[in-house]
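Worksheet for the structure shown next.
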Amino acid sequence: MHALKIAATGMAAQQTRVDVISNNLANMSTTGYNTRRAEFADLHYQQLTRAGTISASDGSIIPAGVQLGLGVRPTAVTVNVAQGSLSATGGDLDVAIEGRGYLEIALPSGISAYTRDGAMKRNGDGLVVTSDGYPVVPNITIPEDATSITINADGEFYAYFRDRVEPEQIGQLTLASFTNDKGLEAMGSNLFLETSASGPVQVSEPGQNGLGIFRHGYLEDSSVDAVQEITELIEAQRGYELNAKVITAADQMLGATTQIR
């Protein structure tokens with residue numbers, strides 16, 4: 001009897017689905033977060049009778065055969081790269097990316113990470129950094145005597161000073177893109193790493209090569225739909241319960257077998 005093991009794979013699959021849903025709901029307020037979806041595939045099949053085999057001396061061919069499935073397995077947890085809505089914050093260093101693209105971040109290890117979280121800050125040296133203190137690439141340093149900062153749609157930083165009428169451009173943000181955004185490796189803190197599945201990074205100015213533009217004073221909201229997540233949570237819970245009932249039924253059948261005298 002394979003029912004016990006098959007139902008166990010079903011329970012494990014639904015547990016994985018619940019884990020993904022719970023992570024989505026936990027990140028309902030995370031800036032630039034994209035929802036994840038668990039994907040599954042059936043396991044290999046036990047061929048009790050192969051389709052197309054000859055069943056008799058007259059050459060009759062079995063049209064369907066007997067193939068016994070052995071359960072389910074998780075294949076991927078994919079990211080929905082759809083953009084979230086933009087919320088006005090009024091922050092002088094807050095930017096939202098409207099369209100494709102990622103900000104490039106320099107990690108202490110020397111490698112680059114990528115994010116859509118545009119909640120930037122200024123450290124003690126005036127360098128523009130993320131909320132975790134990682135520098136944004138290319139480096140932009142805000143002068144100490146700057147009274148205010150504006151960022152246009154092309155990512156150009158302009159600083160205003162008390163003794164000047166015209167602003168001074170102090171740097172420009174670029175955007176990174178990948179052939180397969182879903183192939184990026186999530187490392188937490190709203191950061192992603194390049195992988196062989198994502199393809200090599202391509203850096204361009206905003207608005208070029210299909211990339212988006214910046215919206216100053218805005219941040220991208222999470223794309224989590226709470227109603228949809230709760231609906232899928234109920235489906236996963238019921239699926240888990242049904243697989244548990246299969247285990248109970250298989251146990252009762254085995255119990256009846258052992259009581260035969």
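Residues in the structure tokens are named by chain (A, B, ... in the order shown) and by number from 1 within that chain; ligands are numbered from 1 in the order shown.
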Using only C-alpha atoms, which residues sit within 9 Å of A:Ala236 once same-chain residues fewer than 4 positions away are excluded, as a compact mmCIF listing (two decimals) with N, CA and C atoms, in the first residue's frame?
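Writing done, so here's result10.txt:
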# COMPACT_ATOMS: atom_id res chain seq x y z
N GLN A 14 1.51 20.71 0.95
CA GLN A 14 0.62 21.75 1.48
C GLN A 14 1.28 22.55 2.59
N GLN A 15 2.14 21.90 3.36
CA GLN A 15 2.89 22.64 4.39
C GLN A 15 3.83 23.66 3.75
N ARG A 17 3.35 25.07 0.89
CA ARG A 17 2.47 26.14 0.39
C ARG A 17 2.08 27.10 1.49
N VAL A 18 1.76 26.57 2.67
CA VAL A 18 1.40 27.42 3.81
C VAL A 18 2.59 28.28 4.23
N THR A 231 -7.47 33.29 0.80
CA THR A 231 -8.18 32.26 0.04
C THR A 231 -7.29 31.05 -0.22
N GLU A 232 -6.05 31.31 -0.62
CA GLU A 232 -5.12 30.20 -0.87
C GLU A 232 -4.75 29.49 0.43
N TYR A 240 -4.43 19.91 3.18
CA TYR A 240 -3.68 19.21 4.23
C TYR A 240 -4.61 18.25 4.98
N GLU A 241 -5.82 18.72 5.30
CA GLU A 241 -6.77 17.87 6.03
C GLU A 241 -7.18 16.65 5.21
Please identify all polymer residues within 12 Å of A:Gly124, counting only C-alpha atoms, omitting same-chain residues fewer than 4 positions from it, and present them as a PyMOL selection string. chain A and resi 128-129+133+141-144
I'd like to know which residues of stretch 56-195 of chain A are strand (DSSP E or B) (by DSSP, run on the backbone); could you write them as a PyMOL selection string? chain A and resi 61+66-69+72-79+86-88+94-98+102-106+112-115+119+121-122+127-129+135-137+141+148-151+156-160+168-172+175-177+185-188+191-193
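When only C-alpha atoms are used to compute distances to A:Asn80, the closest of the residues A:Pro200, A:Gly183, A:Pro206, A:Gly171 turns out to be A:Gly183.
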Can you tell me which residues surround A:Val81 at a distance of at most 12 Å, considering only C-alpha atoms, apart from same-chain residues fewer than 6 positions away, and format the answer as a PyMOL selection string? chain A and resi 32-37+99-102+116+178+180-184+222-224
Considering only C-alpha atoms, state which residue in the set A:Asp125, A:Ala226, A:Gly118, A:Ala244 is at the smallest distance from A:Thr89. A:Gly118
Any idea what's packed within 12 Å of A:Pro167, counting only C-alpha atoms, ignoring anything in its chain fewer than 4 positions away? Could you give it as a list of chain:residue names? A:Ala146, A:Thr147, A:Ser148, A:Ile149, A:Thr150, A:Ile151, A:Glu156, A:Phe157, A:Tyr158, A:Ala159, A:Tyr160, A:Phe161, A:Arg162, A:Asp163
Take the residues from that selection and put them in a file with N, CA and C atoms, as an mmCIF file, in the first residue's frame.
data_model
loop_
_atom_site.group_PDB
_atom_site.id
_atom_site.type_symbol
_atom_site.label_atom_id
_atom_site.label_comp_id
_atom_site.auth_asym_id
_atom_site.auth_seq_id
_atom_site.Cartn_x
_atom_site.Cartn_y
_atom_site.Cartn_z
ATOM 1 N N ALA A 146 24.275 71.432 2.008
ATOM 2 C CA ALA A 146 23.094 71.381 1.140
ATOM 3 C C ALA A 146 21.835 71.533 1.977
ATOM 4 N N THR A 147 20.942 72.387 1.534
ATOM 5 C CA THR A 147 19.705 72.635 2.287
ATOM 6 C C THR A 147 18.600 71.656 1.909
ATOM 7 N N SER A 148 18.600 71.173 0.686
ATOM 8 C CA SER A 148 17.590 70.223 0.243
ATOM 9 C C SER A 148 18.104 69.451 -0.962
ATOM 10 N N ILE A 149 17.412 68.344 -1.246
ATOM 11 C CA ILE A 149 17.797 67.457 -2.347
ATOM 12 C C ILE A 149 16.562 67.160 -3.190
ATOM 13 N N THR A 150 16.741 67.171 -4.504
ATOM 14 C CA THR A 150 15.690 66.709 -5.408
ATOM 15 C C THR A 150 16.281 65.664 -6.347
ATOM 16 N N ILE A 151 15.432 64.736 -6.774
ATOM 17 C CA ILE A 151 15.835 63.665 -7.686
ATOM 18 C C ILE A 151 14.825 63.642 -8.816
ATOM 19 N N GLU A 156 18.822 61.845 -11.522
ATOM 20 C CA GLU A 156 19.834 62.869 -11.273
ATOM 21 C C GLU A 156 19.577 63.555 -9.931
ATOM 22 N N PHE A 157 20.621 63.591 -9.100
ATOM 23 C CA PHE A 157 20.559 64.243 -7.793
ATOM 24 C C PHE A 157 20.939 65.712 -7.943
ATOM 25 N N TYR A 158 20.112 66.598 -7.394
ATOM 26 C CA TYR A 158 20.421 68.023 -7.392
ATOM 27 C C TYR A 158 20.382 68.535 -5.947
ATOM 28 N N ALA A 159 21.426 69.241 -5.567
ATOM 29 C CA ALA A 159 21.523 69.810 -4.218
ATOM 30 C C ALA A 159 21.298 71.322 -4.279
ATOM 31 N N TYR A 160 20.556 71.840 -3.330
ATOM 32 C CA TYR A 160 20.302 73.280 -3.224
ATOM 33 C C TYR A 160 21.096 73.844 -2.044
ATOM 34 N N PHE A 161 21.608 75.070 -2.226
ATOM 35 C CA PHE A 161 22.426 75.730 -1.204
ATOM 36 C C PHE A 161 21.846 77.112 -0.907
ATOM 37 N N ARG A 162 22.163 77.606 0.268
ATOM 38 C CA ARG A 162 21.615 78.892 0.714
ATOM 39 C C ARG A 162 22.105 80.054 -0.142
ATOM 40 N N ASP A 163 23.370 80.008 -0.550
ATOM 41 C CA ASP A 163 23.952 81.151 -1.254
ATOM 42 C C ASP A 163 23.871 81.023 -2.771
#
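Excluding A:Glu220 and any residue on its chain fewer than 5 positions from it, the residues at most 12 Å away by only C-alpha atoms are Met28, Ser29, Thr30, Thr31, Gly32, Tyr33, Asn34, Ala82, Gln83, Gly84, Ser85, Leu86, Ser87, Ala88, Thr89, Asp94, Val95, Ala96, Ile97, Glu98, Gly99, Thr115, Arg116, Asp117, Gly118, Ala119, Asn190, Phe214 and Arg215 of chain A.
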Might you pull out every residue within 8 Å of A:Arg50, with only C-alpha atoms counted and same-chain residues fewer than 6 positions away left off, and present them as a ChimeraX atom specification? /A:62,64-67
Tell me, in Å to one decimal, how far atom CA of A:Lys121 is from atom CA of A:Asn27. 21.4 Å
Per DSSP on the backbone, what are the alpha helix (DSSP H) residues of stretch 19-128 of chain A, as a count of residues only? 8
My list of candidates is A:Gln208, A:Ser189, A:Gln228, A:Gln46. Which is closest to A:Ser131 when distances are computed with only C-alpha atoms?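 When distances to A:Ser131 are compared using only C-alpha atoms, the smallest one comes from A:Ser189.
Shortest atom-to-atom contact with A:Gly217 among A:Ser112, A:Asn152, A:Ser196, A:Ser60: A:Asn152, counting only C-alpha atoms.
Distances from A:His2, A:Phe40, A:Ser22, A:Thr9 to A:Ile234 were compared using only C-alpha atoms, and the smallest one belongs to A:Ser22.
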Using Å and a single decimal, report how far atom CA of A:Thr78 sits from atom CA of A:Ile105. 22.9 Å
Considering only C-alpha atoms, can you say which of A:Glu185, A:Glu168, A:Asp154, A:Glu39 comes closest to A:Ser198?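 For A:Ser198, the nearest of the candidates is A:Glu185.
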